[in-house]
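*Asks:* Can you keep this structure in mind? I'll have questions shortly.
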Amino acid sequence: MIIPVRDGAQYVGEALQSILDQDLADIEVIVVDDGSCDNSAAIATSISDRDSRVKMVANSGKGIVDALNMGISLAQAPLVARMDCDDVSLPSRLRLQVARFEADPDLQLLGTAGLQIDPEGKLLRPIDVPVGNDPLRDALARYNPMLHPTVMFRTEAVRRAGGYRRAFTYAEDYDLWLRLSETGKLANMEVPLVKLRSHPGQVSRVKQDQQKAAAALARQSALLRRHRAEPFDVNGQPAQAIASFLAWRAGTGVGVSSLERRDIELLLRSAGIPMAVTCKLLFLAAVGAPSFRTLALGPRLAWRRMIARPAKMRPN
């Protein structure tokens, strides 16, 4: 089990206890502290002092992707499970997931349904996921159909795939699932085995725009890999990867298809994209997959960029 933590003191103790209380006792728990400013590390260290199954390591604030890859590099078990430091696993989670892997040698990645809880742990709603190979793969081409804190995967399969990649930060899991789907079998269990905590500070709320752009880049990269290498540094900074991809796409001169249009629109909302690239892609979208939505994107982007400029640079 790999649990990255940054400033999660409020919940990390409960999260770790839910893993130590599993009805599968032969486990290893790797907690990666990603530069916490609170006492998250102290809480995790205290638990590891009492239970040798817990290993505490420091990532010095290098980010979620590096923290996850550090955990994978240290893992000794053939299967690795994931969970966030504010979530709670039900007692049978690991046993049931391990049983699925033992029954299916071709399985590389397995997620489950979830239960959404509020900051105090009160149940809000069930979270369903697509189940079955065809529904799952159909969903995967459009959005991330797997709940990251619920997954278990084969350690060597993820290492062979290259682990998580920094260019896709905030959708690093989606990018990895897409790559794993190209070489092996993925599945979801319809039974909810993890309580997923919803609170104002979580990444999916704070970094929503970046997450949408990273997911769009992951989808476009999956399409590219069928024919050529990705035209950007997959382990570089997300903003640079997006800018490089859009510059490459504009340079192709090929009209934007209806399948690409949504992703191109999401990527164009990223900060720092040159106006020349934006105009070229809007033109290619207009001639390739014309729609009122595409044609209206230009004025919306211009307005967003104008109000984002420093006040002293705006016209009086």
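Labels for the structure tokens follow display order: chains A, B, ..., residues from 1 in each chain, ligands from 1.
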Which of stretch 39-179 of chain A end up as strand (DSSP E or B) when DSSP is run on this backbone - answer as number ranges by chain?
*Replies:* A: 54-58, 79-82, 88-89, 107-117, 123-127, 152-154
*Asks:* Generate a file of the selected residues that holds N, CA, C and O atoms, formatted as a compact mmCIF listing (two decimals), in the first residue's frame.
*Replies:*
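Generated file (again-v2.txt):
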```
# COMPACT_ATOMS: atom_id res chain seq x y z
N VAL A 54 4.48 -0.60 8.69
CA VAL A 54 4.43 0.76 8.17
C VAL A 54 5.84 1.30 8.02
O VAL A 54 6.64 1.27 8.95
N LYS A 55 6.16 1.80 6.82
CA LYS A 55 7.46 2.42 6.53
C LYS A 55 7.23 3.87 6.16
O LYS A 55 6.42 4.19 5.30
N MET A 56 7.96 4.77 6.82
CA MET A 56 7.81 6.20 6.59
C MET A 56 9.03 6.73 5.83
O MET A 56 10.16 6.53 6.24
N VAL A 57 8.80 7.40 4.67
CA VAL A 57 9.90 7.98 3.89
C VAL A 57 9.54 9.42 3.54
O VAL A 57 8.37 9.80 3.51
N ALA A 58 10.58 10.23 3.25
CA ALA A 58 10.37 11.64 2.93
C ALA A 58 10.63 11.91 1.46
O ALA A 58 11.56 11.35 0.87
N LEU A 79 2.05 -6.88 -5.73
CA LEU A 79 0.87 -6.06 -5.92
C LEU A 79 0.97 -4.81 -5.07
O LEU A 79 1.42 -4.87 -3.92
N VAL A 80 0.56 -3.69 -5.63
CA VAL A 80 0.57 -2.41 -4.91
C VAL A 80 -0.84 -1.84 -4.91
O VAL A 80 -1.49 -1.77 -5.97
N ALA A 81 -1.31 -1.42 -3.75
CA ALA A 81 -2.59 -0.74 -3.64
C ALA A 81 -2.34 0.74 -3.36
O ALA A 81 -1.28 1.11 -2.86
N ARG A 82 -3.30 1.57 -3.72
CA ARG A 82 -3.19 3.01 -3.53
C ARG A 82 -4.30 3.52 -2.64
O ARG A 82 -5.41 2.99 -2.64
N VAL A 88 -10.51 6.19 3.62
CA VAL A 88 -10.62 5.07 4.56
C VAL A 88 -10.97 3.81 3.78
O VAL A 88 -11.95 3.79 3.03
N SER A 89 -10.17 2.77 3.94
CA SER A 89 -10.45 1.48 3.29
C SER A 89 -11.30 0.60 4.19
O SER A 89 -11.06 0.53 5.41
N LEU A 107 -4.76 -9.80 -15.42
CA LEU A 107 -5.22 -8.54 -14.85
C LEU A 107 -4.02 -7.70 -14.40
O LEU A 107 -3.13 -8.18 -13.69
N GLN A 108 -3.99 -6.44 -14.83
CA GLN A 108 -2.90 -5.54 -14.46
C GLN A 108 -3.32 -4.46 -13.48
O GLN A 108 -2.52 -4.01 -12.67
N LEU A 109 -4.58 -4.02 -13.58
CA LEU A 109 -5.07 -2.90 -12.78
C LEU A 109 -6.50 -3.15 -12.37
O LEU A 109 -7.32 -3.52 -13.20
N LEU A 110 -6.79 -2.94 -11.09
CA LEU A 110 -8.13 -3.21 -10.57
C LEU A 110 -8.58 -2.10 -9.64
O LEU A 110 -7.91 -1.80 -8.65
N GLY A 111 -9.69 -1.47 -9.98
CA GLY A 111 -10.29 -0.46 -9.11
C GLY A 111 -11.58 -0.98 -8.50
O GLY A 111 -12.01 -2.10 -8.77
N THR A 112 -12.20 -0.16 -7.67
CA THR A 112 -13.48 -0.53 -7.06
C THR A 112 -14.40 0.69 -7.06
O THR A 112 -13.98 1.81 -7.34
N ALA A 113 -15.65 0.44 -6.76
CA ALA A 113 -16.58 1.54 -6.50
C ALA A 113 -16.21 2.17 -5.17
O ALA A 113 -15.35 1.66 -4.43
N GLY A 114 -16.85 3.28 -4.84
CA GLY A 114 -16.50 3.97 -3.60
C GLY A 114 -17.72 4.50 -2.86
O GLY A 114 -18.85 4.41 -3.35
N LEU A 115 -17.46 5.06 -1.70
CA LEU A 115 -18.48 5.73 -0.89
C LEU A 115 -17.96 7.13 -0.57
O LEU A 115 -16.90 7.27 0.05
N GLN A 116 -18.67 8.15 -1.01
CA GLN A 116 -18.24 9.52 -0.72
C GLN A 116 -18.67 9.90 0.68
O GLN A 116 -19.82 9.71 1.07
N ILE A 117 -17.72 10.46 1.46
CA ILE A 117 -18.01 10.90 2.83
C ILE A 117 -17.63 12.37 2.96
O ILE A 117 -16.83 12.90 2.18
N LEU A 123 -21.56 9.57 5.58
CA LEU A 123 -21.80 9.08 4.23
C LEU A 123 -22.65 10.08 3.45
O LEU A 123 -23.71 10.52 3.91
N LEU A 124 -22.16 10.44 2.24
CA LEU A 124 -22.89 11.34 1.36
C LEU A 124 -23.61 10.60 0.25
O LEU A 124 -24.80 10.79 0.02
N ARG A 125 -22.87 9.71 -0.46
CA ARG A 125 -23.48 8.99 -1.58
C ARG A 125 -22.54 7.89 -2.04
O ARG A 125 -21.32 7.97 -1.83
N PRO A 126 -23.07 6.87 -2.70
CA PRO A 126 -22.20 5.87 -3.34
C PRO A 126 -21.63 6.43 -4.63
O PRO A 126 -22.24 7.28 -5.28
N ILE A 127 -20.45 5.96 -5.02
CA ILE A 127 -19.83 6.36 -6.28
C ILE A 127 -19.68 5.11 -7.14
O ILE A 127 -18.88 4.22 -6.82
N MET A 152 -5.59 -1.19 -7.22
CA MET A 152 -4.46 -2.08 -6.94
C MET A 152 -3.91 -2.48 -8.30
O MET A 152 -4.66 -2.66 -9.26
N PHE A 153 -2.57 -2.56 -8.41
CA PHE A 153 -1.96 -2.92 -9.69
C PHE A 153 -0.76 -3.82 -9.48
O PHE A 153 -0.21 -3.91 -8.37
N ARG A 154 -0.38 -4.50 -10.56
CA ARG A 154 0.82 -5.33 -10.51
C ARG A 154 2.05 -4.41 -10.56
O ARG A 154 2.19 -3.59 -11.47
```
*Asks:* A:Leu180: which residues within 12 Å, counting only C-alpha atoms, same-chain residues fewer than 6 positions away excluded, as a list of chain:residue names?
*Replies:*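 The neighbour list is A:Asp106, A:Leu107, A:Gln108, A:Leu109, A:Leu110, A:Arg137, A:Leu140, A:Phe153, A:Arg154, A:Thr155, A:Glu156, A:Ala157, A:Val158, A:Arg159, A:Arg160, A:Ala161, A:Gly162, A:Gly163, A:Tyr164, A:Asp173, A:Tyr174, A:Leu186, A:Ala187, A:Ala222.
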*Asks:* What's around A:Leu16 at 12 Å? Count only C-alpha atoms, leave out sequence neighbours fewer than 2 positions away in its own chain, and write the answer as a ChimeraX atom specification.
*Replies:* /A:1-5,8-14,18-22,28-31,40,43-48,51,53-56,82-91
*Asks:* Store the residues picked out above in a file with C-alpha atoms, as a PDB file, in the first residue's frame.
*Replies:*
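Result file follows (part04.pdb):
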```pdb
ATOM      1  CA  MET A   1       0.000   0.000   0.000  1.00  0.00           C
ATOM      2  CA  ILE A   2       1.324   3.435  -0.986  1.00  0.00           C
ATOM      3  CA  ILE A   3      -0.069   6.509   0.769  1.00  0.00           C
ATOM      4  CA  PRO A   4       1.361   9.921  -0.168  1.00  0.00           C
ATOM      5  CA  VAL A   5       0.701  12.665   2.373  1.00  0.00           C
ATOM      6  CA  GLY A   8      -2.875  15.554   6.122  1.00  0.00           C
ATOM      7  CA  ALA A   9      -2.550  15.467   9.899  1.00  0.00           C
ATOM      8  CA  GLN A  10      -6.305  15.672  10.402  1.00  0.00           C
ATOM      9  CA  TYR A  11      -6.979  12.368   8.659  1.00  0.00           C
ATOM     10  CA  VAL A  12      -3.771  10.376   8.140  1.00  0.00           C
ATOM     11  CA  GLY A  13      -4.068   8.476  11.422  1.00  0.00           C
ATOM     12  CA  GLU A  14      -7.533   7.188  10.520  1.00  0.00           C
ATOM     13  CA  SER A  18      -8.000   1.435   8.219  1.00  0.00           C
ATOM     14  CA  ILE A  19      -5.150  -0.335   6.409  1.00  0.00           C
ATOM     15  CA  LEU A  20      -3.700  -1.906   9.534  1.00  0.00           C
ATOM     16  CA  ASP A  21      -7.196  -3.209  10.403  1.00  0.00           C
ATOM     17  CA  GLN A  22      -7.515  -5.106   7.095  1.00  0.00           C
ATOM     18  CA  GLU A  28       3.516  -3.432   3.671  1.00  0.00           C
ATOM     19  CA  VAL A  29       2.443   0.209   4.002  1.00  0.00           C
ATOM     20  CA  ILE A  30       4.703   2.874   2.506  1.00  0.00           C
ATOM     21  CA  VAL A  31       3.854   6.406   3.629  1.00  0.00           C
ATOM     22  CA  SER A  40       1.564  14.472   9.379  1.00  0.00           C
ATOM     23  CA  ILE A  43       1.783  10.950  13.252  1.00  0.00           C
ATOM     24  CA  ALA A  44       2.829   8.445  10.590  1.00  0.00           C
ATOM     25  CA  THR A  45       6.215   7.903  12.261  1.00  0.00           C
ATOM     26  CA  SER A  46       4.527   7.248  15.593  1.00  0.00           C
ATOM     27  CA  ILE A  47       2.345   4.577  13.977  1.00  0.00           C
ATOM     28  CA  SER A  48       5.336   3.014  12.206  1.00  0.00           C
ATOM     29  CA  ASP A  51       3.722  -1.418  13.745  1.00  0.00           C
ATOM     30  CA  ARG A  53       4.398  -3.038   8.584  1.00  0.00           C
ATOM     31  CA  VAL A  54       4.430   0.761   8.167  1.00  0.00           C
ATOM     32  CA  LYS A  55       7.457   2.416   6.533  1.00  0.00           C
ATOM     33  CA  MET A  56       7.815   6.204   6.595  1.00  0.00           C
ATOM     34  CA  ARG A  82      -3.192   3.012  -3.534  1.00  0.00           C
ATOM     35  CA  MET A  83      -5.020   5.279  -1.143  1.00  0.00           C
ATOM     36  CA  ASP A  84      -4.935   8.953  -0.228  1.00  0.00           C
ATOM     37  CA  CYS A  85      -4.197  10.126   3.292  1.00  0.00           C
ATOM     38  CA  ASP A  86      -7.753  11.402   3.839  1.00  0.00           C
ATOM     39  CA  ASP A  87      -9.589   8.248   2.726  1.00  0.00           C
ATOM     40  CA  VAL A  88     -10.625   5.072   4.559  1.00  0.00           C
ATOM     41  CA  SER A  89     -10.449   1.479   3.287  1.00  0.00           C
ATOM     42  CA  LEU A  90     -13.089  -1.015   4.374  1.00  0.00           C
ATOM     43  CA  PRO A  91     -11.676  -4.074   6.235  1.00  0.00           C
TER      44      PRO A  91
END
```
*Asks:* Write out as a PyMOL selection string which residues come within 8 Å of A:Ala285 when counting only C-alpha atoms, dropping same-chain ones fewer than 6 positions away.
*Replies:* chain A and resi 255-257+261+294
*Asks:* For A:Gln240, which residue among A:Gly253, A:Pro135, A:Gly71, A:Pro274 is the nearest when counting only C-alpha atoms?
*Replies:*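 Using only C-alpha atoms, A:Gln240 sits closest to A:Pro274.
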*Asks:* Grab the atom CA of A:Asp118 to atom CA of A:Val191 distance for me, in Å with one decimal place.
*Replies:*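 Computing the Euclidean distance for atom CA of A:Asp118 and atom CA of A:Val191 yields 19.8 Å.
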*Asks:* So how many Å separate atom CA of A:Asp7 and atom CA of A:Ser36, to one decimal?
*Replies:*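 Taking atom CA of A:Asp7 and atom CA of A:Ser36, their separation equals 4.7 Å.
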*Asks:* Give me, please, the distance in Å between atom CA of A:Asn235 and atom CA of A:Arg166, quoted to one decimal.
*Replies:* 4.7 Å
